[in-house]
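Pasted below: entry.cif, mmCIF, C-alpha atoms.
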data_my_file
#
loop_
_atom_site.label_atom_id
_atom_site.label_comp_id
_atom_site.auth_asym_id
_atom_site.auth_seq_id
_atom_site.Cartn_x
_atom_site.Cartn_y
_atom_site.Cartn_z
CA MET A 1 106.55 51.95 84.72
CA ILE A 2 107.62 51.02 88.20
CA THR A 3 105.57 52.71 90.93
CA THR A 4 106.58 52.83 94.57
CA ALA A 5 103.99 52.56 97.31
CA ASN A 6 103.38 55.83 99.10
CA VAL A 7 104.36 54.94 102.67
CA LYS A 8 104.39 57.43 105.57
CA ASN A 9 105.04 56.58 109.22
CA GLY A 10 105.17 52.94 108.11
CA VAL A 11 101.57 53.22 106.88
CA ASN A 12 100.79 52.45 103.23
CA VAL A 13 98.86 55.61 102.38
CA ASP A 14 97.75 54.27 98.96
CA GLN A 15 96.16 51.26 100.67
CA LEU A 16 94.61 53.56 103.28
CA VAL A 17 93.04 55.79 100.61
CA GLU A 18 91.85 52.65 98.79
CA THR A 19 90.28 51.32 102.02
CA ILE A 20 88.45 54.61 102.62
CA GLY A 21 87.17 54.56 99.02
CA ALA A 22 86.03 50.94 99.31
CA VAL A 23 84.17 51.63 102.57
CA GLN A 24 82.49 54.68 101.04
CA GLN A 25 81.28 52.55 98.12
CA ASN A 26 80.23 49.57 100.24
CA PRO A 27 79.56 50.49 103.91
CA GLU A 28 79.26 46.79 104.88
CA LEU A 29 83.05 46.39 104.42
CA ALA A 30 83.56 48.59 107.51
CA LYS A 31 82.05 46.06 109.90
CA PHE A 32 84.59 44.22 112.04
CA GLU A 33 84.24 41.69 114.83
CA PHE A 34 87.22 40.82 117.01
CA ARG A 35 87.33 37.82 119.35
CA SER A 36 89.29 36.24 122.17
CA LYS A 37 89.10 32.87 123.90
CA ASN A 38 90.04 32.86 127.55
CA GLU A 39 90.94 29.92 129.78
CA TRP A 40 91.23 30.09 133.56
CA ILE A 41 94.38 28.38 134.87
CA ASN A 42 94.26 28.98 138.62
CA GLY A 43 93.66 31.86 141.04
CA GLY A 44 94.12 35.09 139.10
CA HIS A 45 96.01 33.44 136.22
CA CYS A 46 94.34 33.24 132.78
CA VAL A 47 95.47 32.68 129.21
CA SER A 48 93.85 34.00 126.03
CA ASN A 49 94.10 32.80 122.44
CA ILE A 50 93.40 35.33 119.71
CA LYS A 51 93.16 34.50 116.02
CA GLY A 52 89.96 34.70 113.97
CA PHE A 53 88.16 37.94 113.18
CA TYR A 54 85.56 39.18 110.74
CA GLY A 55 86.18 42.22 108.57
CA VAL A 56 86.05 43.63 105.03
CA GLY A 57 82.95 41.56 104.34
CA GLN A 58 84.34 38.18 105.26
CA GLU A 59 85.85 35.90 107.86
CA ASP A 60 89.60 36.58 107.84
CA THR A 61 91.84 33.89 106.35
CA SER A 62 95.10 35.86 106.25
CA ARG A 63 96.18 35.64 109.88
CA GLU A 64 98.37 32.58 110.33
CA GLU A 65 99.44 32.87 113.95
CA THR A 66 97.34 32.35 117.07
CA PHE A 67 98.42 35.02 119.56
CA THR A 68 98.67 33.87 123.16
CA MET A 69 98.54 36.34 126.04
CA GLU A 70 98.46 35.79 129.77
CA CYS A 71 97.31 37.67 132.83
CA ASP A 72 98.31 37.04 136.43
CA HIS A 73 98.63 39.08 139.61
CA PRO A 74 101.63 40.04 141.74
CA ASN A 75 102.20 38.41 145.13
CA VAL A 76 100.59 41.27 147.05
CA LEU A 77 97.44 40.62 145.01
CA LEU A 78 97.62 36.88 145.79
CA GLY A 79 99.05 35.79 142.44
CA ASN A 80 102.32 34.29 141.24
CA ASP A 81 103.36 37.30 139.12
CA LEU A 82 103.72 35.24 135.94
CA ALA A 83 102.20 37.92 133.70
CA PRO A 84 100.87 41.49 133.89
CA THR A 85 97.56 42.22 135.61
CA PRO A 86 94.46 42.92 133.50
CA PRO A 87 94.53 46.68 134.29
CA GLU A 88 98.18 46.83 133.15
CA VAL A 89 97.20 45.05 129.93
CA VAL A 90 94.55 47.74 129.40
CA LEU A 91 97.29 50.39 129.69
CA HIS A 92 99.30 48.54 127.02
CA ALA A 93 96.28 48.39 124.69
CA LEU A 94 95.41 52.04 125.29
CA GLY A 95 98.95 53.34 124.71
CA SER A 96 99.35 51.27 121.55
CA CYS A 97 95.97 52.33 120.21
CA LEU A 98 96.38 56.07 120.84
CA THR A 99 99.82 55.93 119.20
CA ALA A 100 98.70 53.89 116.18
CA ALA A 101 95.64 56.12 115.66
CA MET A 102 97.93 59.15 115.63
CA THR A 103 100.42 57.63 113.15
CA TYR A 104 97.65 56.38 110.77
CA HIS A 105 95.77 59.67 110.74
CA ALA A 106 99.04 61.61 110.51
CA ALA A 107 99.95 59.54 107.44
CA ALA A 108 96.55 60.26 105.88
CA ASN A 109 97.13 63.98 106.48
CA GLY A 110 100.71 64.05 105.16
CA ILE A 111 102.23 64.54 108.63
CA ASP A 112 105.52 62.81 109.43
CA ILE A 113 105.99 61.14 112.81
CA GLU A 114 109.69 60.58 113.47
CA SER A 115 109.40 58.90 116.85
CA ALA A 116 106.84 58.36 119.58
CA SER A 117 107.01 56.87 123.06
CA SER A 118 104.68 57.17 126.00
CA THR A 119 104.03 56.40 129.63
CA LEU A 120 100.67 55.47 131.10
CA GLU A 121 99.59 55.51 134.74
CA GLY A 122 96.32 54.34 136.23
CA GLY A 123 95.37 54.61 139.86
CA CYS A 124 92.80 52.60 141.77
CA ASP A 125 91.66 51.97 145.32
CA LEU A 126 91.15 48.35 146.42
CA HIS A 127 88.17 49.37 148.57
CA GLY A 128 86.21 49.05 145.33
CA PHE A 129 87.37 45.59 144.23
CA LEU A 130 87.24 44.21 147.77
CA GLY A 131 83.64 45.38 148.14
CA LEU A 132 84.52 47.44 151.24
CA ASP A 133 83.07 50.73 149.98
CA PRO A 134 80.31 50.90 147.36
CA GLU A 135 81.25 54.54 146.68
CA VAL A 136 84.71 53.54 145.41
CA ARG A 137 84.88 52.22 141.86
CA MET A 138 86.59 48.93 141.03
CA GLY A 139 88.58 50.23 138.06
CA PHE A 140 91.04 53.06 137.56
CA ASP A 141 89.74 56.41 138.79
CA GLY A 142 91.69 57.93 135.89
CA ILE A 143 94.49 57.25 133.43
CA LYS A 144 97.35 59.62 132.56
CA PHE A 145 98.80 59.20 129.08
CA LYS A 146 101.97 61.18 128.36
CA LEU A 147 103.26 60.96 124.79
CA ASN A 148 106.69 62.15 123.69
CA VAL A 149 106.69 62.68 119.94
CA LYS A 150 109.01 64.03 117.25
CA SER A 151 106.94 65.65 114.51
CA ASP A 152 106.46 69.02 112.81
CA ALA A 153 102.75 69.00 113.69
CA SER A 154 101.51 70.86 116.76
CA ALA A 155 100.74 69.05 120.01
CA GLU A 156 97.08 69.99 119.57
CA GLN A 157 96.94 68.50 116.06
CA LEU A 158 98.61 65.29 117.24
CA GLU A 159 96.22 64.98 120.19
CA ASN A 160 93.23 65.30 117.87
CA LEU A 161 94.65 62.55 115.63
CA ALA A 162 95.34 60.23 118.60
CA LYS A 163 91.75 60.64 119.76
CA PHE A 164 90.54 58.57 116.79
CA SER A 165 91.75 55.60 118.87
CA PRO A 166 89.07 52.90 119.31
CA VAL A 167 90.44 51.85 122.72
CA PHE A 168 90.50 55.48 123.91
CA ASP A 169 86.80 55.63 122.99
CA MET A 170 86.07 52.32 124.76
CA ILE A 171 87.77 53.45 127.98
CA SER A 172 86.66 57.07 128.15
CA ASN A 173 83.07 56.36 127.08
CA PRO A 174 80.79 53.55 128.31
CA THR A 175 80.92 50.34 126.26
CA PRO A 176 78.10 47.91 127.03
CA VAL A 177 79.33 44.46 128.10
CA SER A 178 76.79 41.63 128.13
CA ILE A 179 77.55 38.71 130.44
CA GLU A 180 76.21 35.22 129.83
CA ILE A 181 77.11 32.51 132.34
CA VAL A 182 76.65 28.93 131.18
CA LYS A 183 76.87 26.31 133.93
CA GLN A 184 78.72 23.18 132.75
CA MET B 185 101.67 22.52 165.03
CA ILE B 186 101.77 22.47 161.27
CA THR B 187 99.08 24.61 159.65
CA THR B 188 98.15 24.44 155.99
CA ALA B 189 97.17 27.58 154.09
CA ASN B 190 93.47 27.77 153.32
CA VAL B 191 93.51 27.83 149.51
CA LYS B 192 90.38 27.84 147.34
CA ASN B 193 90.30 28.22 143.54
CA GLY B 194 94.06 28.76 143.74
CA VAL B 195 93.48 31.81 145.95
CA ASN B 196 95.07 31.94 149.40
CA VAL B 197 91.98 32.80 151.42
CA ASP B 198 93.97 33.43 154.62
CA GLN B 199 96.06 36.04 152.79
CA LEU B 200 92.89 37.52 151.27
CA VAL B 201 91.24 37.87 154.70
CA GLU B 202 94.49 39.36 156.03
CA THR B 203 94.58 41.86 153.15
CA ILE B 204 90.99 42.92 153.82
CA GLY B 205 91.79 43.36 157.53
CA ALA B 206 94.92 45.38 156.77
CA VAL B 207 93.03 47.67 154.39
CA GLN B 208 90.27 48.19 156.94
CA GLN B 209 92.86 49.22 159.54
CA ASN B 210 94.88 51.40 157.17
CA PRO B 211 92.91 52.61 154.12
CA GLU B 212 96.08 54.01 152.49
CA LEU B 213 97.26 50.43 151.80
CA ALA B 214 94.43 50.08 149.25
CA LYS B 215 95.89 52.66 146.86
CA PHE B 216 97.51 51.17 143.77
CA GLU B 217 99.08 52.73 140.71
CA PHE B 218 99.83 50.61 137.65
CA ARG B 219 102.05 51.74 134.78
CA SER B 220 103.11 50.89 131.27
CA LYS B 221 105.79 52.27 128.95
CA ASN B 222 104.97 52.19 125.28
CA GLU B 223 107.30 52.54 122.30
CA TRP B 224 106.18 53.05 118.71
CA ILE B 225 108.00 50.77 116.25
CA ASN B 226 106.38 51.56 112.91
CA GLY B 227 102.90 51.96 111.41
CA GLY B 228 100.47 50.31 113.82
CA HIS B 229 103.15 48.30 115.64
CA CYS B 230 103.97 49.18 119.28
CA VAL B 231 105.67 47.46 122.19
CA SER B 232 105.02 47.97 125.91
CA ASN B 233 107.16 47.25 128.94
CA ILE B 234 105.40 46.70 132.24
CA LYS B 235 107.14 46.32 135.58
CA GLY B 236 106.93 48.85 138.41
CA PHE B 237 103.78 49.60 140.34
CA TYR B 238 102.81 51.21 143.63
CA GLY B 239 100.64 49.39 146.15
CA VAL B 240 100.26 48.39 149.80
CA GLY B 241 101.83 51.69 150.85
CA GLN B 242 105.03 51.39 148.87
CA GLU B 243 106.75 51.09 145.51
CA ASP B 244 106.79 47.37 144.66
CA THR B 245 110.13 45.60 144.85
CA SER B 246 108.89 42.02 144.50
CA ARG B 247 108.30 41.84 140.74
CA GLU B 248 111.45 40.61 139.06
CA GLU B 249 110.39 40.32 135.44
CA THR B 250 109.65 43.13 132.99
CA PHE B 251 106.65 42.00 130.95
CA THR B 252 106.79 42.84 127.25
CA MET B 253 103.65 42.99 125.13
CA GLU B 254 103.12 44.01 121.53
CA CYS B 255 100.29 45.30 119.39
CA ASP B 256 100.09 45.29 115.62
CA HIS B 257 97.35 45.20 112.99
CA PRO B 258 96.41 42.60 110.38
CA ASN B 259 97.13 43.20 106.70
CA VAL B 260 93.60 44.44 105.96
CA LEU B 261 94.21 47.13 108.60
CA LEU B 262 97.56 48.04 107.00
CA GLY B 263 99.76 46.22 109.51
CA ASN B 264 102.10 43.23 109.41
CA ASP B 265 100.03 41.05 111.76
CA LEU B 266 102.91 40.51 114.19
CA ALA B 267 100.71 40.80 117.30
CA PRO B 268 97.05 41.23 118.25
CA THR B 269 95.28 44.56 117.71
CA PRO B 270 94.64 46.86 120.70
CA PRO B 271 90.89 46.04 120.77
CA GLU B 272 91.71 42.31 120.86
CA VAL B 273 94.10 42.97 123.75
CA VAL B 274 91.23 44.69 125.57
CA LEU B 275 89.13 41.52 125.14
CA HIS B 276 91.98 39.49 126.67
CA ALA B 277 92.21 41.86 129.65
CA LEU B 278 88.45 41.93 130.13
CA GLY B 279 88.01 38.14 129.99
CA SER B 280 90.91 37.58 132.38
CA CYS B 281 89.67 40.23 134.80
CA LEU B 282 86.04 39.05 134.92
CA THR B 283 87.23 35.48 135.48
CA ALA B 284 89.78 36.38 138.16
CA ALA B 285 87.28 38.61 139.98
CA MET B 286 84.83 35.69 140.04
CA THR B 287 87.39 33.19 141.35
CA TYR B 288 88.72 35.58 144.05
CA HIS B 289 85.28 36.55 145.31
CA ALA B 290 84.11 32.95 145.06
CA ALA B 291 87.08 31.92 147.24
CA ALA B 292 86.21 34.62 149.78
CA ASN B 293 82.63 33.30 149.87
CA GLY B 294 83.57 29.61 150.15
CA ILE B 295 82.43 28.81 146.60
CA ASP B 296 84.44 26.30 144.57
CA ILE B 297 85.17 27.00 140.92
CA GLU B 298 86.18 23.79 139.15
CA SER B 299 86.81 25.21 135.70
CA ALA B 300 86.11 28.36 133.73
CA SER B 301 86.59 29.31 130.09
CA SER B 302 85.09 32.09 128.05
CA THR B 303 84.70 33.69 124.66
CA LEU B 304 84.56 37.42 124.00
CA GLU B 305 83.33 39.22 120.90
CA GLY B 306 83.44 42.91 120.14
CA GLY B 307 82.01 44.54 117.04
CA CYS B 308 82.92 47.89 115.52
CA ASP B 309 82.35 49.88 112.37
CA LEU B 310 85.38 51.49 110.68
CA HIS B 311 83.28 54.52 109.72
CA GLY B 312 84.12 55.74 113.22
CA PHE B 313 87.90 55.25 113.17
CA LEU B 314 88.22 56.49 109.60
CA GLY B 315 86.36 59.70 110.49
CA LEU B 316 83.73 59.02 107.80
CA ASP B 317 80.70 59.32 110.08
CA PRO B 318 80.76 61.32 113.34
CA GLU B 319 77.67 59.38 114.51
CA VAL B 320 79.60 56.09 114.54
CA ARG B 321 81.83 55.47 117.53
CA MET B 322 85.49 54.47 117.12
CA GLY B 323 85.43 51.63 119.64
CA PHE B 324 83.34 48.50 120.05
CA ASP B 325 79.60 49.18 120.00
CA GLY B 326 79.31 46.34 122.50
CA ILE B 327 81.14 43.32 123.90
CA LYS B 328 79.65 39.85 124.45
CA PHE B 329 81.25 37.82 127.23
CA LYS B 330 80.15 34.18 127.46
CA LEU B 331 81.57 32.23 130.39
CA ASN B 332 81.37 28.46 130.76
CA VAL B 333 81.89 27.53 134.38
CA LYS B 334 81.77 24.42 136.55
CA SER B 335 80.61 25.37 140.04
CA ASP B 336 77.81 24.64 142.49
CA ALA B 337 76.91 28.33 142.69
CA SER B 338 74.10 29.72 140.56
CA ALA B 339 74.77 31.60 137.33
CA GLU B 340 73.36 34.75 138.94
CA GLN B 341 75.69 34.46 141.96
CA LEU B 342 78.70 33.91 139.69
CA GLU B 343 77.76 36.89 137.51
CA ASN B 344 77.56 39.15 140.57
CA LEU B 345 81.02 37.98 141.68
CA ALA B 346 82.53 38.54 138.20
CA LYS B 347 81.18 42.09 138.19
CA PHE B 348 83.73 43.08 140.85
CA SER B 349 86.18 43.12 137.92
CA PRO B 350 88.12 46.40 137.65
CA VAL B 351 88.43 46.12 133.86
CA PHE B 352 84.68 45.43 133.52
CA ASP B 353 84.12 48.68 135.42
CA MET B 354 86.63 50.58 133.24
CA ILE B 355 84.99 49.39 130.01
CA SER B 356 81.33 49.60 130.94
CA ASN B 357 81.65 52.94 132.77
CA PRO B 358 83.55 56.03 131.63
CA THR B 359 87.16 56.25 132.81
CA PRO B 360 88.75 59.68 132.34
CA VAL B 361 91.93 59.59 130.23
CA SER B 362 94.14 62.68 130.29
CA ILE B 363 96.42 63.18 127.28
CA GLU B 364 99.62 65.18 127.44
CA ILE B 365 101.66 65.52 124.25
CA VAL B 366 105.28 66.58 124.68
CA LYS B 367 107.06 67.61 121.47
CA GLN B 368 110.68 66.41 121.39
#

Full structure transcribed into structure tokens:
Amino acid sequence: MITTANVKNGVNVDQLVETIGAVQQNPELAKFEFRSKNEWINGGHCVSNIKGFYGVGQEDTSREETFTMECDHPNVLLGNDLAPTPPEVVLHALGSCLTAAMTYHAAANGIDIESASSTLEGGCDLHGFLGLDPEVRMGFDGIKFKLNVKSDASAEQLENLAKFSPVFDMISNPTPVSIEIVKQ
Amino acid sequence: MITTANVKNGVNVDQLVETIGAVQQNPELAKFEFRSKNEWINGGHCVSNIKGFYGVGQEDTSREETFTMECDHPNVLLGNDLAPTPPEVVLHALGSCLTAAMTYHAAANGIDIESASSTLEGGCDLHGFLGLDPEVRMGFDGIKFKLNVKSDASAEQLENLAKFSPVFDMISNPTPVSIEIVKQ
């Protein structure tokens, strides 16, 4: 008997159901640790290498590629504009995560997503970063995410599915960041 | 008379002082808006295009390149591992932003940074994302940032400078995210 994988929205639903079952049987499998190594080049220009992670009870050995990403700043922010700024990179991560969370949870619920595209906007006031006004925050005062989607599900349903996004949680709720500085 | 720009840590300090002066004279110049366009490819695979932004009182015309970034998921998270995951991308943005904030503010304070490199780790528990336990959050339960730096300044001084980072603020404090779903 030949069986075909049950794939919806590009997500292997059989594997998803299997993963949920495995995690329910052995909660330790749900623990993940992601990592990044960052190197300062000059000014506001940095490069990160991303490869190893821990998950499903072990150190991952499947990922073959080391992903390289850069950040820089435009000329008006004293950079050479070689790469997006860190806040723009956050918008990329947030948009991708909200979208992927929606498509995964839609697949698990038998909902088809035909297409999805989005725009993200984040505003900030340099008085915060420049230390000119302690009342003004350094980061975005808010982010607008607008998602265009083709699906039979209601907008409300889709929004609830998108909100399973880990990055949405990290941005909209406080995530503790510990800082350790080691002098060389 | 030939004058040389006053550059420290790769940051043009003259331009930085000028920027601060301009913002103090005209607070509207400090308002920035960054943007990203995101397109869903399949499953947990998305691509973003980043170019236009608003700042210094006008729509930017200086950036020539459109930056393209991708997110995907490793095989154990039902993806094809073509790009880093959104949470890994957040680590990249956070490490770059903390480092750049330190080097900019160090430059403004006459502190030399000779070198800087860092590692970031973020842990999470899939019980959150999978909707198996409402008590478990979807995102990282915490992020560890460890920065190795060569500088005459103290670790405490450097930490205070790094904390001007906009992305550090966005992650460690709540940032409101509005979601609008438009059915096509």

| request: Name the residues that the PyMOL selection byres ((chain B and resi 336) around 12) pulls out of this structure, and write them as a list in words. | output: Lys183 and Gln184 of chain A; Ala290, Gly294, Ile295, Asp296, Ile297, Glu298, Ser299, Val333, Lys334, Ser335, Ala337, Ser338, Ala339, Glu340, Gln341 and Leu342 of chain B

| said: Please expand the PyMOL selection byres ((chain A and resi 174) around 6) into the concrete residues it hits in this file, giving the result as a VMD selection string. | reply: (chain A and resid 173 175) or (chain B and resid 356 to 358)

Could you fit chain B onto chain A with a least-squares superposition over all C-alpha atoms, matched one to one in order, and give me the transformed chain as a compact mmCIF listing (two decimals) with C-alpha atoms, in the frame of the given file?
# COMPACT_ATOMS: atom_id res chain seq x y z
CA MET B 185 106.59 51.94 84.73
CA ILE B 186 107.68 51.03 88.21
CA THR B 187 105.62 52.69 90.93
CA THR B 188 106.61 52.81 94.58
CA ALA B 189 103.99 52.55 97.31
CA ASN B 190 103.35 55.84 99.09
CA VAL B 191 104.35 54.95 102.66
CA LYS B 192 104.37 57.43 105.55
CA ASN B 193 105.03 56.58 109.21
CA GLY B 194 105.15 52.94 108.11
CA VAL B 195 101.56 53.23 106.87
CA ASN B 196 100.78 52.45 103.23
CA VAL B 197 98.85 55.60 102.38
CA ASP B 198 97.74 54.27 98.97
CA GLN B 199 96.15 51.26 100.68
CA LEU B 200 94.60 53.56 103.30
CA VAL B 201 93.03 55.78 100.62
CA GLU B 202 91.85 52.64 98.81
CA THR B 203 90.29 51.31 102.03
CA ILE B 204 88.46 54.59 102.62
CA GLY B 205 87.17 54.54 99.02
CA ALA B 206 86.03 50.93 99.32
CA VAL B 207 84.18 51.63 102.56
CA GLN B 208 82.49 54.67 101.04
CA GLN B 209 81.28 52.54 98.13
CA ASN B 210 80.23 49.58 100.27
CA PRO B 211 79.57 50.48 103.93
CA GLU B 212 79.26 46.79 104.90
CA LEU B 213 83.05 46.40 104.43
CA ALA B 214 83.56 48.60 107.52
CA LYS B 215 82.04 46.06 109.92
CA PHE B 216 84.59 44.22 112.05
CA GLU B 217 84.24 41.68 114.83
CA PHE B 218 87.21 40.82 117.02
CA ARG B 219 87.33 37.82 119.35
CA SER B 220 89.29 36.26 122.16
CA LYS B 221 89.10 32.88 123.90
CA ASN B 222 90.03 32.87 127.55
CA GLU B 223 90.94 29.93 129.78
CA TRP B 224 91.24 30.08 133.56
CA ILE B 225 94.39 28.37 134.86
CA ASN B 226 94.27 28.98 138.61
CA GLY B 227 93.67 31.84 141.05
CA GLY B 228 94.13 35.07 139.10
CA HIS B 229 96.02 33.42 136.22
CA CYS B 230 94.34 33.23 132.78
CA VAL B 231 95.47 32.68 129.21
CA SER B 232 93.86 33.99 126.02
CA ASN B 233 94.09 32.81 122.44
CA ILE B 234 93.39 35.33 119.71
CA LYS B 235 93.15 34.51 116.02
CA GLY B 236 89.95 34.71 113.98
CA PHE B 237 88.14 37.93 113.20
CA TYR B 238 85.55 39.17 110.74
CA GLY B 239 86.18 42.22 108.57
CA VAL B 240 86.06 43.62 105.04
CA GLY B 241 82.94 41.56 104.35
CA GLN B 242 84.34 38.18 105.26
CA GLU B 243 85.86 35.89 107.87
CA ASP B 244 89.61 36.57 107.84
CA THR B 245 91.83 33.89 106.36
CA SER B 246 95.09 35.86 106.25
CA ARG B 247 96.18 35.64 109.89
CA GLU B 248 98.37 32.59 110.33
CA GLU B 249 99.44 32.87 113.95
CA THR B 250 97.33 32.35 117.06
CA PHE B 251 98.41 35.01 119.54
CA THR B 252 98.65 33.86 123.15
CA MET B 253 98.53 36.33 126.03
CA GLU B 254 98.45 35.79 129.77
CA CYS B 255 97.31 37.68 132.83
CA ASP B 256 98.31 37.05 136.42
CA HIS B 257 98.62 39.08 139.61
CA PRO B 258 101.63 40.03 141.74
CA ASN B 259 102.20 38.40 145.12
CA VAL B 260 100.59 41.27 147.06
CA LEU B 261 97.44 40.61 145.00
CA LEU B 262 97.62 36.88 145.79
CA GLY B 263 99.05 35.79 142.43
CA ASN B 264 102.32 34.29 141.23
CA ASP B 265 103.36 37.29 139.12
CA LEU B 266 103.73 35.23 135.94
CA ALA B 267 102.21 37.92 133.69
CA PRO B 268 100.88 41.48 133.90
CA THR B 269 97.56 42.23 135.62
CA PRO B 270 94.46 42.92 133.50
CA PRO B 271 94.54 46.68 134.28
CA GLU B 272 98.18 46.84 133.15
CA VAL B 273 97.20 45.05 129.94
CA VAL B 274 94.56 47.74 129.39
CA LEU B 275 97.29 50.41 129.68
CA HIS B 276 99.31 48.54 127.02
CA ALA B 277 96.29 48.40 124.68
CA LEU B 278 95.42 52.04 125.28
CA GLY B 279 98.96 53.35 124.70
CA SER B 280 99.35 51.27 121.55
CA CYS B 281 95.97 52.33 120.20
CA LEU B 282 96.39 56.07 120.82
CA THR B 283 99.83 55.94 119.19
CA ALA B 284 98.70 53.90 116.18
CA ALA B 285 95.65 56.12 115.65
CA MET B 286 97.95 59.16 115.62
CA THR B 287 100.41 57.63 113.15
CA TYR B 288 97.66 56.39 110.78
CA HIS B 289 95.77 59.68 110.75
CA ALA B 290 99.03 61.60 110.52
CA ALA B 291 99.94 59.53 107.44
CA ALA B 292 96.54 60.25 105.89
CA ASN B 293 97.12 63.97 106.50
CA GLY B 294 100.70 64.04 105.17
CA ILE B 295 102.22 64.54 108.63
CA ASP B 296 105.51 62.81 109.43
CA ILE B 297 105.98 61.15 112.80
CA GLU B 298 109.68 60.59 113.48
CA SER B 299 109.39 58.89 116.85
CA ALA B 300 106.83 58.35 119.58
CA SER B 301 107.02 56.87 123.06
CA SER B 302 104.68 57.16 125.99
CA THR B 303 104.02 56.40 129.63
CA LEU B 304 100.65 55.47 131.10
CA GLU B 305 99.58 55.52 134.73
CA GLY B 306 96.32 54.35 136.22
CA GLY B 307 95.37 54.62 139.87
CA CYS B 308 92.79 52.61 141.78
CA ASP B 309 91.67 51.97 145.32
CA LEU B 310 91.15 48.35 146.43
CA HIS B 311 88.18 49.38 148.57
CA GLY B 312 86.22 49.06 145.33
CA PHE B 313 87.38 45.60 144.23
CA LEU B 314 87.24 44.21 147.76
CA GLY B 315 83.63 45.38 148.14
CA LEU B 316 84.53 47.44 151.23
CA ASP B 317 83.08 50.73 149.99
CA PRO B 318 80.31 50.90 147.36
CA GLU B 319 81.26 54.55 146.68
CA VAL B 320 84.71 53.53 145.40
CA ARG B 321 84.88 52.23 141.86
CA MET B 322 86.60 48.93 141.02
CA GLY B 323 88.58 50.23 138.06
CA PHE B 324 91.05 53.06 137.56
CA ASP B 325 89.74 56.41 138.78
CA GLY B 326 91.69 57.93 135.89
CA ILE B 327 94.49 57.24 133.42
CA LYS B 328 97.35 59.62 132.55
CA PHE B 329 98.79 59.21 129.07
CA LYS B 330 101.97 61.19 128.36
CA LEU B 331 103.27 60.96 124.80
CA ASN B 332 106.69 62.15 123.68
CA VAL B 333 106.68 62.68 119.94
CA LYS B 334 109.00 64.03 117.26
CA SER B 335 106.94 65.66 114.52
CA ASP B 336 106.45 69.02 112.83
CA ALA B 337 102.75 69.01 113.70
CA SER B 338 101.51 70.86 116.77
CA ALA B 339 100.74 69.06 120.02
CA GLU B 340 97.07 69.98 119.59
CA GLN B 341 96.94 68.51 116.06
CA LEU B 342 98.62 65.30 117.24
CA GLU B 343 96.23 64.99 120.19
CA ASN B 344 93.22 65.30 117.88
CA LEU B 345 94.65 62.56 115.63
CA ALA B 346 95.34 60.23 118.60
CA LYS B 347 91.75 60.64 119.76
CA PHE B 348 90.55 58.57 116.78
CA SER B 349 91.75 55.60 118.87
CA PRO B 350 89.08 52.91 119.31
CA VAL B 351 90.43 51.86 122.71
CA PHE B 352 90.50 55.49 123.90
CA ASP B 353 86.81 55.65 122.99
CA MET B 354 86.07 52.33 124.76
CA ILE B 355 87.78 53.46 127.97
CA SER B 356 86.66 57.07 128.15
CA ASN B 357 83.07 56.36 127.08
CA PRO B 358 80.80 53.56 128.30
CA THR B 359 80.92 50.36 126.26
CA PRO B 360 78.10 47.91 127.02
CA VAL B 361 79.33 44.47 128.10
CA SER B 362 76.80 41.64 128.12
CA ILE B 363 77.56 38.70 130.42
CA GLU B 364 76.20 35.23 129.83
CA ILE B 365 77.12 32.52 132.34
CA VAL B 366 76.66 28.94 131.17
CA LYS B 367 76.88 26.30 133.92
CA GLN B 368 78.69 23.15 132.74

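Shortest separation to chain B among A:Thr61, A:Asn49, A:Phe168, A:Glu121 occurs at residue A:Glu121, atoms counted being only C-alpha atoms.
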
| said: Neighbouring residues of A:Asn26 were defined as those with any atom within 12 Å, considering all atoms listed in the file; residues of the same chain fewer than 3 positions away were excluded. Please report them as number ranges by chain. | reply: A: 19-23, 29-31, 56-57; B: 310-311

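One distance worth recording is that between atom CA of A:Ser36 and atom CA of B:Ser302, which is 8.3 Å.
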
Show which residues sit within 12 Å of B:Thr269, as a CSV table (one decimal) with C-alpha atoms, in the frame of the given file. Count all atoms listed in the file, and ignore same-chain residues fewer than 5 positions away.
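result.csv, written as the output of this step:
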chain,number,residue,atom,x,y,z
A,33,GLU,CA,84.2,41.7,114.8
A,34,PHE,CA,87.2,40.8,117.0
A,35,ARG,CA,87.3,37.8,119.4
A,36,SER,CA,89.3,36.2,122.2
A,50,ILE,CA,93.4,35.3,119.7
A,51,LYS,CA,93.2,34.5,116.0
A,52,GLY,CA,90.0,34.7,114.0
A,53,PHE,CA,88.2,37.9,113.2
A,63,ARG,CA,96.2,35.6,109.9
A,67,PHE,CA,98.4,35.0,119.6
A,92,HIS,CA,99.3,48.5,127.0
A,93,ALA,CA,96.3,48.4,124.7
A,94,LEU,CA,95.4,52.0,125.3
A,95,GLY,CA,99.0,53.3,124.7
A,96,SER,CA,99.4,51.3,121.6
A,97,CYS,CA,96.0,52.3,120.2
A,98,LEU,CA,96.4,56.1,120.8
A,100,ALA,CA,98.7,53.9,116.2
A,101,ALA,CA,95.6,56.1,115.7
A,165,SER,CA,91.8,55.6,118.9
A,166,PRO,CA,89.1,52.9,119.3
A,167,VAL,CA,90.4,51.8,122.7
B,228,GLY,CA,100.5,50.3,113.8
B,229,HIS,CA,103.2,48.3,115.6
B,230,CYS,CA,104.0,49.2,119.3
B,231,VAL,CA,105.7,47.5,122.2
B,253,MET,CA,103.6,43.0,125.1
B,254,GLU,CA,103.1,44.0,121.5
B,255,CYS,CA,100.3,45.3,119.4
B,256,ASP,CA,100.1,45.3,115.6
B,257,HIS,CA,97.4,45.2,113.0
B,258,PRO,CA,96.4,42.6,110.4
B,259,ASN,CA,97.1,43.2,106.7
B,260,VAL,CA,93.6,44.4,106.0
B,261,LEU,CA,94.2,47.1,108.6
B,262,LEU,CA,97.6,48.0,107.0
B,263,GLY,CA,99.8,46.2,109.5
B,264,ASN,CA,102.1,43.2,109.4
B,274,VAL,CA,91.2,44.7,125.6
B,275,LEU,CA,89.1,41.5,125.1
B,276,HIS,CA,92.0,39.5,126.7
